[in-house]
Protein chains: 2
Amino acid sequence: MKNVFTFVHMFTLAEENYMKAIFHLEHESADEVSTNAIAESMATKPSSVTDMIQKLAEKKLVVYKRYKGAKLTEKGKKIAANVIRKHRLWEVFLVEKLNFHWDEVHEIAEQLEHIQSEELITRLDKFLGSPDFDPHGDPIPDKHGVLKRTEKKLLSEIEKNQKGVCVGVKESSPDFLQYLDKKKISIGTKITVLGKEFFDGSMIIQVGNEQFFISHKIAENLYVQTL
Amino acid sequence: MKNVFTFVHMFTLAEENYMKAIFHLEHESADEVSTNAIAESMATKPSSVTDMIQKLAEKKLVVYKRYKGAKLTEKGKKIAANVIRKHRLWEVFLVEKLNFHWDEVHEIAEQLEHIQSEELITRLDKFLGSPDFDPHGDPIPDKHGVLKRTEKKLLSEIEKNQKGVCVGVKESSPDFLQYLDKKKISIGTKITVLGKEFFDGSMIIQVGNEQFFISHKIAENLYVQTL
DNA sequence: GTTATTTTTTAGTCTTGGCTAAAAATAAAA
DNA sequence: TTTTATTTTTAGCCAAGACTAAAAAATAAC
């Protein structure tokens, strides 16, 4: 089939997905990522990965040495970050505007992230109020592909009298999400830890004008960014 | 490449585009559509078209007889209508929510129409207030693929004292669109023809509380649905 | 420092969806 | 009704991106 997206810089769906996968793996273990690791993360075979990273290397999107794994170039990194930016912006859209739940949006965003239009993303970002985090609390890279280095912590790691902004959840079972809804906790909600019980890890927290008790189980499944 | 969209009924991007093209051509000239016509409308070669319609025929999406062209089956028609539904809903989104202009949205919608998720479209439709027309005034098929038979007319064809709702434009040059903006005419705007000059086709119309003069050139580029 | 194991690469196939060039069927003209 | 022109199909080829099986390199174990 002919390439449907006729723009200046064009990468195929497969190329974008490979770069994205390598990007994520690099952020997990710093060094160049192994063929096997990429294959596993993409549910494909190592031989297919070798093929592709060789092609990406020719296009100067990754640095590749036989038997030594791959590493994104600056250009590759930028492209990957942009795909991730689109993915996360679309997730915000799906949750905030279409009322999907946090755990329903990944598959759809996986498709939407490949839509090609700079202007679309510029406008979508504006429409959503230029969010900094996606519904899972992961940071959204800016339009230059720069990913704000974020101090995402579990609420349970926060000390007494510290504040944090809710940026996501670790677990996302319906029960948990409903609990959060009930307590009016969502992305962007400011939380202050008023008290912390060392015996069971439970906490007293303040959300808006309300103060209430939460168990350790709740606190260890909620990501916050400290302020 | 492996199919990215893993759903129940899955058609490739190419298959969807062929069905869509055939759907449009059938609505232009009733009968089965010729290989050449499809090739031209898709900017591809007749031999490629033959290949594809044979594949579609095996899948019972079109009826095909050698040298006799193709015709969508009920199933094929439904699928095509659904792609068109998605295309037009996304166009509404782009114009109404992201403030794109009517003539900027086609390329992007061409990509978005292939995103696979029933739920997404259900919610998008609701989010947009279940619109009946896209920004070009073309009707949006319902979720069963039924296309409301519409009486789309040019404003110039409307008689004195008749009313219509603006459903789209024929020409969509920036100048024309800006003119319409200035006159506060957009999709859904009610227009009443107060007077009509037979000599030059100019009109006096009412839009909201304002009454003003428009030339024939304007009137013959504006689609309305009569009320 | 060999041998064994794991990882990675190569070589060769497959499918999708394009393409060109040539053949066959249909339609138009003489 | 032949001949000519057009349309459509077939046959064969190409690229992307997957796969399997076998070879080669790097690691680990003895």
# chains A, B, ... in the order shown; residues from 1 in each chain; ligands from 1
call {"tool": "select_by_dssp", "arguments": {"residues": "segment 24-182 of chain B", "states": "alpha helix (DSSP H)", "output": "ChimeraX atom specification"}}
result
/B:24-29,35-41,46-58,74-92,106-112,118-127,174-182
call {"tool": "interface_residues", "arguments": {"of": "chain A", "to": "chain D", "cutoff": "9 Å", "atoms": "only C-alpha atoms (C1' of nucleotides)", "output": "PyMOL selection string"}}
result
chain A and resi 14+44-45+47-48+51-52+67
call {"tool": "residues_around", "arguments": {"residues": "segment 120-123 of chain A", "least_positions_apart": "6", "cutoff": "10 Å", "atoms": "only C-alpha atoms (C1' of nucleotides)", "output": "ChimeraX atom specification"}}
result
/A:82,85-86,89-90,113,129-130,143 /B:94,97-100,105,108
call {"tool": "interface_residues", "arguments": {"of": "chain C", "to": "chain B", "cutoff": "8 Å", "atoms": "only C-alpha atoms (C1' of nucleotides)", "output": "list in words"}}
result
DG17, DG18, DA25 and DT26 of chain C
call {"tool": "atom_distance", "arguments": {"atom1": "atom CA of Thr192 of chain A", "atom2": "atom CA of His136 of chain A"}}
result
19.9 Å
call {"tool": "closest_residue", "arguments": {"among": "B:Gln206, B:Ser117, B:Thr35, B:Asn17", "to": "chain A", "atoms": "only C-alpha atoms"}}
result
B:Ser117
call {"tool": "atom_distance", "arguments": {"atom1": "atom CA of Lys153 of chain A", "atom2": "atom CA of Phe199 of chain A"}}
result
20.6 Å
call {"tool": "select_by_dssp", "arguments": {"residues": "segment 3-155 of chain A", "states": "strand (DSSP E or B)", "output": "ChimeraX atom specification"}}
result
/A:33,62-64,70-72,133,139,152-154
call {"tool": "atom_distance", "arguments": {"atom1": "atom CA of His87 of chain A", "atom2": "atom CA of His106 of chain A"}}
result
8.3 Å
call {"tool": "residues_around", "arguments": {"residues": "segment 168-175 of chain B", "least_positions_apart": "5", "cutoff": "8 Å", "atoms": "only C-alpha atoms (C1' of nucleotides)", "output": "NGL selection string"}}
result
:B and (102-103 or 134-138 or 186-187 or 220-224)
call {"tool": "write_last_selection", "arguments": {"atoms": "all heavy atoms", "output": "CSV table (one decimal), in the first residue's frame"}}
result
chain,number,residue,atom,x,y,z
B,102,TRP,N,-13.2,24.6,7.7
B,102,TRP,CA,-13.9,23.5,6.9
B,102,TRP,C,-12.9,22.9,5.9
B,102,TRP,O,-13.1,21.7,5.6
B,102,TRP,CB,-15.0,24.1,6.1
B,102,TRP,CG,-16.1,24.6,7.0
B,102,TRP,CD1,-16.3,24.3,8.3
B,102,TRP,CD2,-17.2,25.5,6.6
B,102,TRP,NE1,-17.4,24.9,8.8
B,102,TRP,CE2,-18.0,25.6,7.8
B,102,TRP,CE3,-17.6,26.1,5.5
B,102,TRP,CZ2,-19.1,26.4,7.8
B,102,TRP,CZ3,-18.7,26.9,5.5
B,102,TRP,CH2,-19.5,27.1,6.6
B,103,ASP,N,-12.0,23.7,5.3
B,103,ASP,CA,-11.2,23.1,4.2
B,103,ASP,C,-9.9,22.6,4.7
B,103,ASP,O,-9.1,22.2,3.9
B,103,ASP,CB,-11.1,24.2,3.2
B,103,ASP,CG,-10.5,25.5,3.7
B,103,ASP,OD1,-10.5,25.6,5.0
B,103,ASP,OD2,-10.0,26.3,2.9
B,134,ASP,N,-21.8,17.0,8.6
B,134,ASP,CA,-20.4,17.3,8.8
B,134,ASP,C,-20.3,18.8,8.4
B,134,ASP,O,-21.2,19.4,7.9
B,134,ASP,CB,-19.5,16.3,8.1
B,134,ASP,CG,-19.4,16.6,6.6
B,134,ASP,OD1,-19.9,17.6,6.1
B,134,ASP,OD2,-18.8,15.8,5.9
B,135,PRO,N,-19.1,19.3,8.6
B,135,PRO,CA,-18.8,20.8,8.3
B,135,PRO,C,-19.0,21.1,6.8
B,135,PRO,O,-19.0,22.3,6.5
B,135,PRO,CB,-17.4,21.0,8.8
B,135,PRO,CG,-17.1,19.9,9.7
B,135,PRO,CD,-17.9,18.7,9.2
B,136,HIS,N,-19.0,20.1,5.9
B,136,HIS,CA,-19.3,20.4,4.5
B,136,HIS,C,-20.7,20.2,4.2
B,136,HIS,O,-21.1,20.4,3.0
B,136,HIS,CB,-18.4,19.5,3.7
B,136,HIS,CG,-17.0,19.6,4.0
B,136,HIS,ND1,-16.3,18.7,4.8
B,136,HIS,CD2,-16.0,20.5,3.6
B,136,HIS,CE1,-15.1,19.0,4.9
B,136,HIS,NE2,-14.8,20.1,4.2
B,137,GLY,N,-21.5,19.9,5.2
B,137,GLY,CA,-23.0,19.8,4.9
B,137,GLY,C,-23.4,18.4,4.5
B,137,GLY,O,-24.5,18.1,4.1
B,138,ASP,N,-22.4,17.5,4.5
B,138,ASP,CA,-22.8,16.1,4.1
B,138,ASP,C,-23.3,15.4,5.3
B,138,ASP,O,-22.8,15.5,6.5
B,138,ASP,CB,-21.5,15.4,3.6
B,138,ASP,CG,-21.0,16.0,2.3
B,138,ASP,OD1,-21.8,16.3,1.4
B,138,ASP,OD2,-19.8,16.3,2.3
B,186,SER,N,-22.7,29.8,9.9
B,186,SER,CA,-22.0,28.6,10.0
B,186,SER,C,-23.0,27.4,10.0
B,186,SER,O,-24.2,27.6,9.9
B,186,SER,CB,-21.1,28.6,11.3
B,186,SER,OG,-22.0,28.7,12.4
B,187,ILE,N,-22.4,26.2,10.1
B,187,ILE,CA,-23.3,25.0,10.1
B,187,ILE,C,-24.4,25.2,11.2
B,187,ILE,O,-24.1,25.5,12.3
B,187,ILE,CB,-22.5,23.8,10.4
B,187,ILE,CG1,-21.3,23.6,9.5
B,187,ILE,CG2,-23.4,22.5,10.4
B,187,ILE,CD1,-21.7,23.4,8.0
B,220,GLU,N,-24.9,30.7,-4.5
B,220,GLU,CA,-24.8,29.4,-5.2
B,220,GLU,C,-23.6,28.6,-4.7
B,220,GLU,O,-23.2,27.6,-5.3
B,220,GLU,CB,-24.6,29.7,-6.7
B,220,GLU,CG,-23.2,30.2,-7.1
B,220,GLU,CD,-23.0,30.5,-8.6
B,220,GLU,OE1,-23.9,30.0,-9.4
B,220,GLU,OE2,-22.0,31.1,-8.9
B,221,ASN,N,-23.0,29.0,-3.6
B,221,ASN,CA,-21.9,28.3,-3.0
B,221,ASN,C,-22.2,27.8,-1.5
B,221,ASN,O,-21.4,27.3,-0.8
B,221,ASN,CB,-20.7,29.1,-3.0
B,221,ASN,CG,-20.0,29.0,-4.3
B,221,ASN,OD1,-19.6,27.9,-4.8
B,221,ASN,ND2,-19.8,30.1,-5.0
B,222,LEU,N,-23.5,28.0,-1.2
B,222,LEU,CA,-23.9,27.7,0.2
B,222,LEU,C,-25.0,26.6,0.2
B,222,LEU,O,-26.0,26.8,-0.5
B,222,LEU,CB,-24.5,29.0,0.9
B,222,LEU,CG,-24.4,29.1,2.3
B,222,LEU,CD1,-23.0,29.0,2.9
B,222,LEU,CD2,-25.0,30.4,2.8
B,223,TYR,N,-24.8,25.5,0.8
B,223,TYR,CA,-25.8,24.5,0.9
B,223,TYR,C,-26.7,24.6,2.1
B,223,TYR,O,-26.2,24.9,3.2
B,223,TYR,CB,-25.1,23.1,1.0
B,223,TYR,CG,-24.5,22.6,-0.3
B,223,TYR,CD1,-23.1,22.3,-0.4
B,223,TYR,CD2,-25.3,22.3,-1.4
B,223,TYR,CE1,-22.6,21.8,-1.5
B,223,TYR,CE2,-24.8,21.8,-2.6
B,223,TYR,CZ,-23.4,21.6,-2.6
B,223,TYR,OH,-22.9,21.1,-3.8
B,224,VAL,N,-28.0,24.5,1.9
B,224,VAL,CA,-28.9,24.5,3.0
B,224,VAL,C,-29.8,23.3,2.9
B,224,VAL,O,-30.0,22.7,1.8
B,224,VAL,CB,-29.8,25.8,2.9
B,224,VAL,CG1,-28.9,27.1,3.1
B,224,VAL,CG2,-30.6,25.9,1.6
call {"tool": "closest_residue", "arguments": {"among": "B:Asp132, B:Glu107, B:Asp200, B:Glu210", "to": "chain A", "atoms": "only C-alpha atoms"}}
result
B:Glu107
call {"tool": "closest_residue", "arguments": {"among": "A:Gly201, A:Ala80, A:Gln54, A:Gln178", "to": "DT9 of chain C", "atoms": "only C-alpha atoms (C1' of nucleotides)"}}
result
A:Gln54
call {"tool": "closest_residue", "arguments": {"among": "A:Asp181, A:Glu159, A:Glu197, A:Glu96", "to": "chain B", "atoms": "only C-alpha atoms"}}
result
A:Glu96
call {"tool": "closest_residue", "arguments": {"among": "B:Ile158, B:Val49, B:Val92, B:Leu128", "to": "DC19 of chain C", "atoms": "only C-alpha atoms (C1' of nucleotides)"}}
result
B:Val49
call {"tool": "closest_residue", "arguments": {"among": "B:Thr226, B:Thr189, B:Ser41, B:Ser29", "to": "Val207 of chain B", "atoms": "only C-alpha atoms"}}
result
B:Thr189
call {"tool": "residues_around", "arguments": {"residues": "Phe23 of chain A", "least_positions_apart": "5", "cutoff": "8 Å", "atoms": "only C-alpha atoms (C1' of nucleotides)", "output": "ChimeraX atom specification"}}
result
/A:72,77,80-81
call {"tool": "residues_around", "arguments": {"residues": "Glu15 of chain A", "least_positions_apart": "3", "cutoff": "9 Å", "atoms": "only C-alpha atoms (C1' of nucleotides)", "output": "list of chain:residue names"}}
result
A:Phe11, A:Thr12, A:Tyr18, A:Met19, A:Lys20, A:Met52, A:Ile53, A:Leu56
